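Student: Take a look at the following structure, please.
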Amino acid sequence: MSDSEAETFTYNGGSVAPGEAANIRYGVSETYLGDPVRIPVTIVNGERPGPTVFLSAAIHGDELNGIEVVREVANEWDHTELRGTVVCLPVLNVPGFLAQQRYLPIYDRDLNRAFPGSANSTSSKRIAHRIFRNFIEPCDYGLDFHTSTRGRTNMLHVRADTGDDRVDRLARAFGSNVIISSEGPDGALRKEATERGVPTITIEMGKAHEFQRDFIDRALDGVKSVFSEFGLRTTSAVKWPGWRTVVDGSSDKTWLRADSGGIVEMHFSRGSFVREGETICTITNPFETTANEVTAPFTGLLVGILQNPLVFPGNPICHLVELDAGTRRVIEREQRP
């Protein structure tokens, strides 16, 4: 990007000049009837030069919170003073969204394992290729919004490869309390975009199949903070969440799983602080009077918990991350009456 003038954003089939905005229905595939499958895209190109940032949601079709975040940024924010370009992709997985299911209905493929895609491969990789080439690769940074899968719920947190300085800066700018550091799986949008020069983070928040206003508002604050950090908006400040923990390494986090089948009674909610040895939940069945206890193996934070209380042995119950001593002290002070 030039320091002196804004540039036109181009994609295969069109362009958006500085000072203009466009709502596009971009074809990424076809139905069995040969009708086009189109994803909604809003591109807002500021009059002044700056970075290009994409915001994406519903790469899993039943994850709805991010859709509203991206929609509000695209359509309700005042972009008069915008420096740079915002590429808004509120529903990446249109077939899954229409069916209200996580994966692409075609062969039940996960679109978030198909990036950067291929023009001559499977249906999911062809969709991913058209999205990636036209709307991801031209960007400088990316925010990809997710929720937990069905039957579970997450506190708002960021997942990012903090070993990459560019990604680390982006993750911290979003202003969440928890950052879980990892490269991400092969084919995931954030990993493949980052490896190709577009630092990208995943924002996890809430649960599938719902709009949760508190999560949406907090995520919008995070977007404002990122835009401030990278100079797209000069009217908002970079956010400090009050405390932050960066979880790096498998020893600092674990999924606690059921060792018996039955009905789970959770004793803590999403985002709770639990101490080593505390009983997080109990598992019973209709024929037993005694309960199997699931206890915390270390002191930490419940980033995610199940909502469907029925489990088989081996089913995940909660996602626990360890906290350093300084963070524990801050949280303990906050919880004092």
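Following the order of the structure tokens, first chain is A, next is B, and so on, with residues numbered from 1 inside each chain and ligands from 1 in the order they appear.
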I'd like to know which residues of region 112-242 of chain A are strand (DSSP E) (by DSSP, run on the backbone); could you write them as a PyMOL selection string?
Tutor: chain A and resi 141-146+152-160+178-181+200-206
Student: Show me a table, sorted first by chain and then by increasing residue number, of the residues of region 28-105 of chain A having an atom at most 10 Å from region 185-201 of chain A, each with its shortest atom pair and the distance in Å to one decimal, counting only C-alpha atoms and written as CSV.
Tutor:
residue,atom,partner,partner_atom,distance
A:Thr52,CA,A:Val198,CA,9.8
A:Val53,CA,A:Val198,CA,9.1
A:Phe54,CA,A:Thr200,CA,9.0
A:Leu55,CA,A:Thr200,CA,9.7
A:Ser56,CA,A:Leu189,CA,9.7
A:Ile59,CA,A:Leu189,CA,9.0
Student: Determine the nearest neighbour of Asn177 (chain A) from the options A:Asn308, A:Val274, A:Leu92, A:Val330, counting only C-alpha atoms.
Tutor: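 Once distances to Asn177 (chain A) are computed over only C-alpha atoms, the minimum belongs to A:Val330.
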Student: List as a Markdown table every residue of region 156-252 of chain A that is in contact with region 280-304 of chain A, defined as an atom at most 10 Å from one of its atoms (using only C-alpha atoms), together with the nearest atom pair and the distance in Å rounded to one decimal, sorted by chain and then rising number.
Tutor:
| residue | atom | partner | partner_atom | distance |
| --- | --- | --- | --- | --- |
| A:Leu156 | CA | A:Val303 | CA | 8.0 |
| A:His157 | CA | A:Val303 | CA | 7.8 |
| A:Val178 | CA | A:Val303 | CA | 8.4 |
| A:Ile180 | CA | A:Val303 | CA | 9.9 |
| A:Glu204 | CA | A:Val303 | CA | 9.8 |
| A:Met205 | CA | A:Gly304 | CA | 9.5 |
| A:Gly206 | CA | A:Gly304 | CA | 8.7 |
| A:Lys207 | CA | A:Gly304 | CA | 9.7 |
| A:Asp252 | CA | A:Gly300 | CA | 9.0 |
Student: I need the residues from that last selection saved to file as an mmCIF file, in the first residue's frame (with N, CA and C atoms), if you can.
Tutor:
data_model
loop_
_atom_site.group_PDB
_atom_site.id
_atom_site.type_symbol
_atom_site.label_atom_id
_atom_site.label_comp_id
_atom_site.auth_asym_id
_atom_site.auth_seq_id
_atom_site.Cartn_x
_atom_site.Cartn_y
_atom_site.Cartn_z
ATOM 1 N N LEU A 156 -15.282 -15.956 25.375
ATOM 2 C CA LEU A 156 -14.607 -15.254 24.284
ATOM 3 C C LEU A 156 -13.097 -15.351 24.482
ATOM 4 N N HIS A 157 -12.414 -15.858 23.469
ATOM 5 C CA HIS A 157 -10.961 -15.920 23.515
ATOM 6 C C HIS A 157 -10.420 -15.954 22.093
ATOM 7 N N VAL A 178 -7.987 -14.114 27.233
ATOM 8 C CA VAL A 178 -7.275 -15.366 26.988
ATOM 9 C C VAL A 178 -6.861 -15.460 25.527
ATOM 10 N N ILE A 180 -4.999 -18.414 23.246
ATOM 11 C CA ILE A 180 -4.455 -19.766 23.161
ATOM 12 C C ILE A 180 -3.559 -19.824 21.939
ATOM 13 N N GLU A 204 -12.993 -17.110 19.130
ATOM 14 C CA GLU A 204 -14.012 -18.064 19.570
ATOM 15 C C GLU A 204 -14.923 -17.372 20.562
ATOM 16 N N MET A 205 -16.254 -17.574 20.394
ATOM 17 C CA MET A 205 -17.161 -16.877 21.313
ATOM 18 C C MET A 205 -18.538 -17.528 21.314
ATOM 19 N N GLY A 206 -18.907 -18.068 22.478
ATOM 20 C CA GLY A 206 -20.260 -18.542 22.665
ATOM 21 C C GLY A 206 -20.544 -19.888 22.043
ATOM 22 N N LYS A 207 -21.778 -20.056 21.616
ATOM 23 C CA LYS A 207 -22.241 -21.352 21.141
ATOM 24 C C LYS A 207 -22.938 -21.226 19.796
ATOM 25 N N ASP A 252 -0.227 -26.608 29.324
ATOM 26 C CA ASP A 252 -0.965 -25.499 29.934
ATOM 27 C C ASP A 252 -2.457 -25.566 29.681
#
Student: Can you check which parts of region 189-258 of chain A lie within 10 Å of region 72-85 of chain A? Per residue, the shortest pair of atoms and distance in Å to one decimal, counting only C-alpha atoms, sorted by chain and number, as CSV.
Tutor:
residue,atom,partner,partner_atom,distance
A:Ile216,CA,A:Glu72,CA,9.6
A:Leu220,CA,A:Val73,CA,7.8
A:Val223,CA,A:Val73,CA,8.5
A:Lys224,CA,A:Val73,CA,9.3
A:Phe227,CA,A:Arg83,CA,9.2
A:Phe230,CA,A:Arg83,CA,9.4
A:Gly231,CA,A:Arg83,CA,6.7
A:Leu232,CA,A:Arg83,CA,4.5
A:Arg233,CA,A:Leu82,CA,5.9
A:Thr234,CA,A:Glu81,CA,8.1
A:Thr235,CA,A:Glu81,CA,8.9
Student: Would you export the selected residues with N, CA, C and O atoms as a PDB file, in the first residue's frame, please?
Tutor:
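The result, stored in out.pdb:
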ATOM      1  N   ILE A 216     -21.374 -10.608  21.008  1.00  0.00           N
ATOM      2  CA  ILE A 216     -21.302  -9.772  19.803  1.00  0.00           C
ATOM      3  C   ILE A 216     -20.747  -8.395  20.140  1.00  0.00           C
ATOM      4  O   ILE A 216     -19.848  -7.880  19.459  1.00  0.00           O
ATOM      5  N   LEU A 220     -17.242  -6.747  18.878  1.00  0.00           N
ATOM      6  CA  LEU A 220     -17.198  -5.469  18.166  1.00  0.00           C
ATOM      7  C   LEU A 220     -16.182  -4.527  18.815  1.00  0.00           C
ATOM      8  O   LEU A 220     -15.459  -3.805  18.116  1.00  0.00           O
ATOM      9  N   VAL A 223     -12.859  -5.581  17.519  1.00  0.00           N
ATOM     10  CA  VAL A 223     -12.596  -5.119  16.155  1.00  0.00           C
ATOM     11  C   VAL A 223     -12.176  -3.652  16.167  1.00  0.00           C
ATOM     12  O   VAL A 223     -11.221  -3.254  15.485  1.00  0.00           O
ATOM     13  N   LYS A 224     -12.868  -2.837  16.961  1.00  0.00           N
ATOM     14  CA  LYS A 224     -12.485  -1.427  17.081  1.00  0.00           C
ATOM     15  C   LYS A 224     -11.049  -1.295  17.577  1.00  0.00           C
ATOM     16  O   LYS A 224     -10.285  -0.447  17.092  1.00  0.00           O
ATOM     17  N   PHE A 227      -8.674  -2.160  14.749  1.00  0.00           N
ATOM     18  CA  PHE A 227      -8.657  -1.073  13.762  1.00  0.00           C
ATOM     19  C   PHE A 227      -7.850   0.118  14.286  1.00  0.00           C
ATOM     20  O   PHE A 227      -7.163   0.790  13.522  1.00  0.00           O
ATOM     21  N   PHE A 230      -3.978  -0.713  14.144  1.00  0.00           N
ATOM     22  CA  PHE A 230      -3.384  -0.723  12.803  1.00  0.00           C
ATOM     23  C   PHE A 230      -3.747   0.506  11.971  1.00  0.00           C
ATOM     24  O   PHE A 230      -3.471   0.551  10.782  1.00  0.00           O
ATOM     25  N   GLY A 231      -4.372   1.487  12.614  1.00  0.00           N
ATOM     26  CA  GLY A 231      -4.566   2.779  11.974  1.00  0.00           C
ATOM     27  C   GLY A 231      -5.747   2.911  11.059  1.00  0.00           C
ATOM     28  O   GLY A 231      -5.861   3.913  10.346  1.00  0.00           O
ATOM     29  N   LEU A 232      -6.679   1.949  11.062  1.00  0.00           N
ATOM     30  CA  LEU A 232      -7.868   2.090  10.223  1.00  0.00           C
ATOM     31  C   LEU A 232      -8.856   3.094  10.797  1.00  0.00           C
ATOM     32  O   LEU A 232      -9.570   3.764  10.057  1.00  0.00           O
ATOM     33  N   ARG A 233      -8.898   3.182  12.133  1.00  0.00           N
ATOM     34  CA  ARG A 233      -9.760   4.146  12.813  1.00  0.00           C
ATOM     35  C   ARG A 233      -8.912   4.953  13.787  1.00  0.00           C
ATOM     36  O   ARG A 233      -8.086   4.386  14.505  1.00  0.00           O
ATOM     37  N   THR A 234      -9.109   6.233  13.804  1.00  0.00           N
ATOM     38  CA  THR A 234      -8.360   7.083  14.740  1.00  0.00           C
ATOM     39  C   THR A 234      -9.240   7.583  15.876  1.00  0.00           C
ATOM     40  O   THR A 234      -8.780   8.332  16.730  1.00  0.00           O
ATOM     41  N   THR A 235     -10.504   7.149  15.897  1.00  0.00           N
ATOM     42  CA  THR A 235     -11.453   7.649  16.894  1.00  0.00           C
ATOM     43  C   THR A 235     -11.625   6.694  18.069  1.00  0.00           C
ATOM     44  O   THR A 235     -12.364   6.993  18.999  1.00  0.00           O
TER      45      THR A 235
END
Student: Would you compute the distance between CA of Pro309 (chain A) and CA of Glu265 (chain A)? Give it in Å to one decimal.
Tutor: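 Value for the CA of Pro309 (chain A)-CA of Glu265 (chain A) distance: 6.9 Å.
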Student: Fewer than 5 positions away in the same chain doesn't count, so skip those; otherwise give me all residues within 7 Å of Ile43 (chain A), counting only C-alpha atoms, as an MDAnalysis selection string.
Tutor: chainID A and resid 21:23 86:88
Student: Write a file of the selected residues as an mmCIF file, in the first residue's frame, keeping N, CA, C and O atoms.
Tutor:
data_model
loop_
_atom_site.group_PDB
_atom_site.id
_atom_site.type_symbol
_atom_site.label_atom_id
_atom_site.label_comp_id
_atom_site.auth_asym_id
_atom_site.auth_seq_id
_atom_site.Cartn_x
_atom_site.Cartn_y
_atom_site.Cartn_z
ATOM 1 N N ALA A 21 -17.931 1.786 -1.661
ATOM 2 C CA ALA A 21 -18.287 0.532 -1.005
ATOM 3 C C ALA A 21 -19.139 -0.288 -1.957
ATOM 4 O O ALA A 21 -19.848 0.263 -2.816
ATOM 5 N N ALA A 22 -19.067 -1.612 -1.837
ATOM 6 C CA ALA A 22 -19.824 -2.481 -2.728
ATOM 7 C C ALA A 22 -20.335 -3.693 -1.966
ATOM 8 O O ALA A 22 -19.613 -4.271 -1.151
ATOM 9 N N ASN A 23 -21.592 -4.052 -2.233
ATOM 10 C CA ASN A 23 -22.170 -5.298 -1.746
ATOM 11 C C ASN A 23 -22.215 -6.273 -2.919
ATOM 12 O O ASN A 23 -22.814 -5.982 -3.958
ATOM 13 N N VAL A 86 -11.761 -2.583 4.311
ATOM 14 C CA VAL A 86 -12.337 -3.663 5.108
ATOM 15 C C VAL A 86 -13.117 -4.583 4.176
ATOM 16 O O VAL A 86 -14.010 -4.138 3.443
ATOM 17 N N VAL A 87 -12.754 -5.872 4.202
ATOM 18 C CA VAL A 87 -13.432 -6.895 3.400
ATOM 19 C C VAL A 87 -14.269 -7.736 4.352
ATOM 20 O O VAL A 87 -13.728 -8.446 5.212
ATOM 21 N N CYS A 88 -15.585 -7.640 4.230
ATOM 22 C CA CYS A 88 -16.500 -8.302 5.161
ATOM 23 C C CYS A 88 -17.125 -9.529 4.507
ATOM 24 O O CYS A 88 -17.798 -9.416 3.468
#
Student: Based on DSSP run over this structure's backbone, return all residues of region 45-284 of chain A in alpha helix (DSSP H), as a short mmCIF file (atom, residue, chain, number, x, y, z; two decimals) with C-alpha atoms, in the first residue's frame.
Tutor:
data_model
loop_
_atom_site.label_atom_id
_atom_site.label_comp_id
_atom_site.auth_asym_id
_atom_site.auth_seq_id
_atom_site.Cartn_x
_atom_site.Cartn_y
_atom_site.Cartn_z
CA ASN A 65 -22.48 -14.86 16.51
CA GLY A 66 -19.74 -13.80 14.10
CA ILE A 67 -22.26 -13.16 11.33
CA GLU A 68 -23.76 -10.30 13.30
CA VAL A 69 -20.33 -8.91 14.17
CA VAL A 70 -19.30 -8.77 10.52
CA ARG A 71 -22.70 -7.46 9.40
CA GLU A 72 -22.62 -4.56 11.86
CA VAL A 73 -19.09 -3.57 10.88
CA ALA A 74 -20.11 -3.62 7.21
CA ASN A 75 -23.45 -1.88 7.44
CA VAL A 94 -23.52 -20.65 2.50
CA PRO A 95 -24.68 -24.27 1.92
CA GLY A 96 -24.05 -25.12 5.57
CA PHE A 97 -25.73 -21.89 6.70
CA LEU A 98 -28.85 -22.64 4.66
CA ALA A 99 -28.99 -26.17 6.09
CA SER A 123 -15.95 -29.27 -4.01
CA SER A 124 -14.82 -27.85 -0.66
CA LYS A 125 -11.35 -26.99 -1.97
CA ARG A 126 -12.82 -25.30 -5.04
CA ILE A 127 -15.00 -23.11 -2.82
CA ALA A 128 -12.04 -22.36 -0.56
CA HIS A 129 -9.87 -21.48 -3.57
CA ARG A 130 -12.30 -18.89 -4.90
CA ILE A 131 -12.71 -17.30 -1.47
CA ASP A 165 5.31 -11.49 15.80
CA ARG A 166 2.75 -10.13 13.34
CA VAL A 167 0.07 -12.51 14.58
CA ASP A 168 0.98 -11.86 18.22
CA ARG A 169 0.48 -8.12 17.73
CA LEU A 170 -2.89 -8.74 16.10
CA ALA A 171 -4.01 -11.15 18.84
CA ARG A 172 -3.07 -8.75 21.64
CA ALA A 173 -4.73 -5.83 19.85
CA PHE A 174 -8.09 -7.64 19.92
CA LEU A 189 -8.15 -20.45 7.25
CA ARG A 190 -6.04 -18.73 9.92
CA LYS A 191 -3.06 -21.05 9.46
CA GLU A 192 -3.04 -21.01 5.68
CA ALA A 193 -3.59 -17.26 5.47
CA THR A 194 -0.79 -16.58 7.97
CA GLU A 195 1.63 -18.83 6.12
CA ARG A 213 -25.62 -10.10 22.27
CA ASP A 214 -23.01 -9.87 25.01
CA PHE A 215 -20.48 -11.78 22.91
CA ILE A 216 -21.30 -9.77 19.80
CA ASP A 217 -20.78 -6.46 21.61
CA ARG A 218 -17.48 -7.58 23.14
CA ALA A 219 -16.26 -8.79 19.76
CA LEU A 220 -17.20 -5.47 18.17
CA ASP A 221 -15.08 -3.75 20.81
CA GLY A 222 -12.24 -6.07 19.81
CA VAL A 223 -12.60 -5.12 16.15
CA LYS A 224 -12.49 -1.43 17.08
CA SER A 225 -9.34 -2.09 19.08
CA VAL A 226 -7.67 -3.87 16.14
CA PHE A 227 -8.66 -1.07 13.76
CA SER A 228 -7.15 1.45 16.16
CA GLU A 229 -3.92 -0.53 16.57
#
Student: For Leu64 (chain A), work out the shell of residues within 7 Å, counting only C-alpha atoms and skipping chain neighbours fewer than 6 positions away, then give it as a short mmCIF file (atom, residue, chain, number, x, y, z; two decimals) with N, CA, C and O atoms, in the first residue's frame.
Tutor:
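Wrote part.cif, looks like this:
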data_model
loop_
_atom_site.label_atom_id
_atom_site.label_comp_id
_atom_site.auth_asym_id
_atom_site.auth_seq_id
_atom_site.Cartn_x
_atom_site.Cartn_y
_atom_site.Cartn_z
N ALA A 58 -19.01 -17.68 9.95
CA ALA A 58 -19.82 -18.81 9.47
C ALA A 58 -19.08 -19.67 8.46
O ALA A 58 -19.66 -20.14 7.50
N ALA A 208 -23.11 -22.37 19.15
CA ALA A 208 -23.74 -22.41 17.83
C ALA A 208 -25.25 -22.18 17.94
O ALA A 208 -25.84 -22.30 19.01
N HIS A 209 -25.84 -21.81 16.81
CA HIS A 209 -27.30 -21.70 16.65
C HIS A 209 -27.94 -20.56 17.42
O HIS A 209 -29.15 -20.56 17.62
N GLU A 210 -27.15 -19.59 17.89
CA GLU A 210 -27.75 -18.46 18.62
C GLU A 210 -27.02 -17.17 18.29
O GLU A 210 -25.84 -17.19 17.94
N PHE A 211 -27.74 -16.07 18.42
CA PHE A 211 -27.13 -14.75 18.54
C PHE A 211 -27.04 -14.44 20.03
O PHE A 211 -28.06 -14.41 20.73
#
Student: Which residue out of A:Val311, A:Ile263, A:Ala258, A:Val321 has the minimum interatomic distance to Thr245 (chain A) when only C-alpha atoms are used?
Tutor: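 Ranking A:Val311, A:Ile263, A:Ala258, A:Val321 by distance to Thr245 (chain A), first place goes to A:Val321.
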Student: Find the spatial neighbours of Ile203 (chain A), counting only C-alpha atoms, within a cut-off of 7 Å - ignore same-chain residues fewer than 3 positions away - and output them as a list in words.
Tutor: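 Those residues are Asp144, Phe145, His146, His157, Val158 and Arg159 of chain A.
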Student: May I ask which of the residues A:Trp243, A:Tyr32, A:Tyr26, A:Tyr11 is the closest one to Gly175 (chain A), counting only C-alpha atoms?
Tutor: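 Looking only at the distances to Gly175 (chain A), the closest residue turns out to be A:Trp243.
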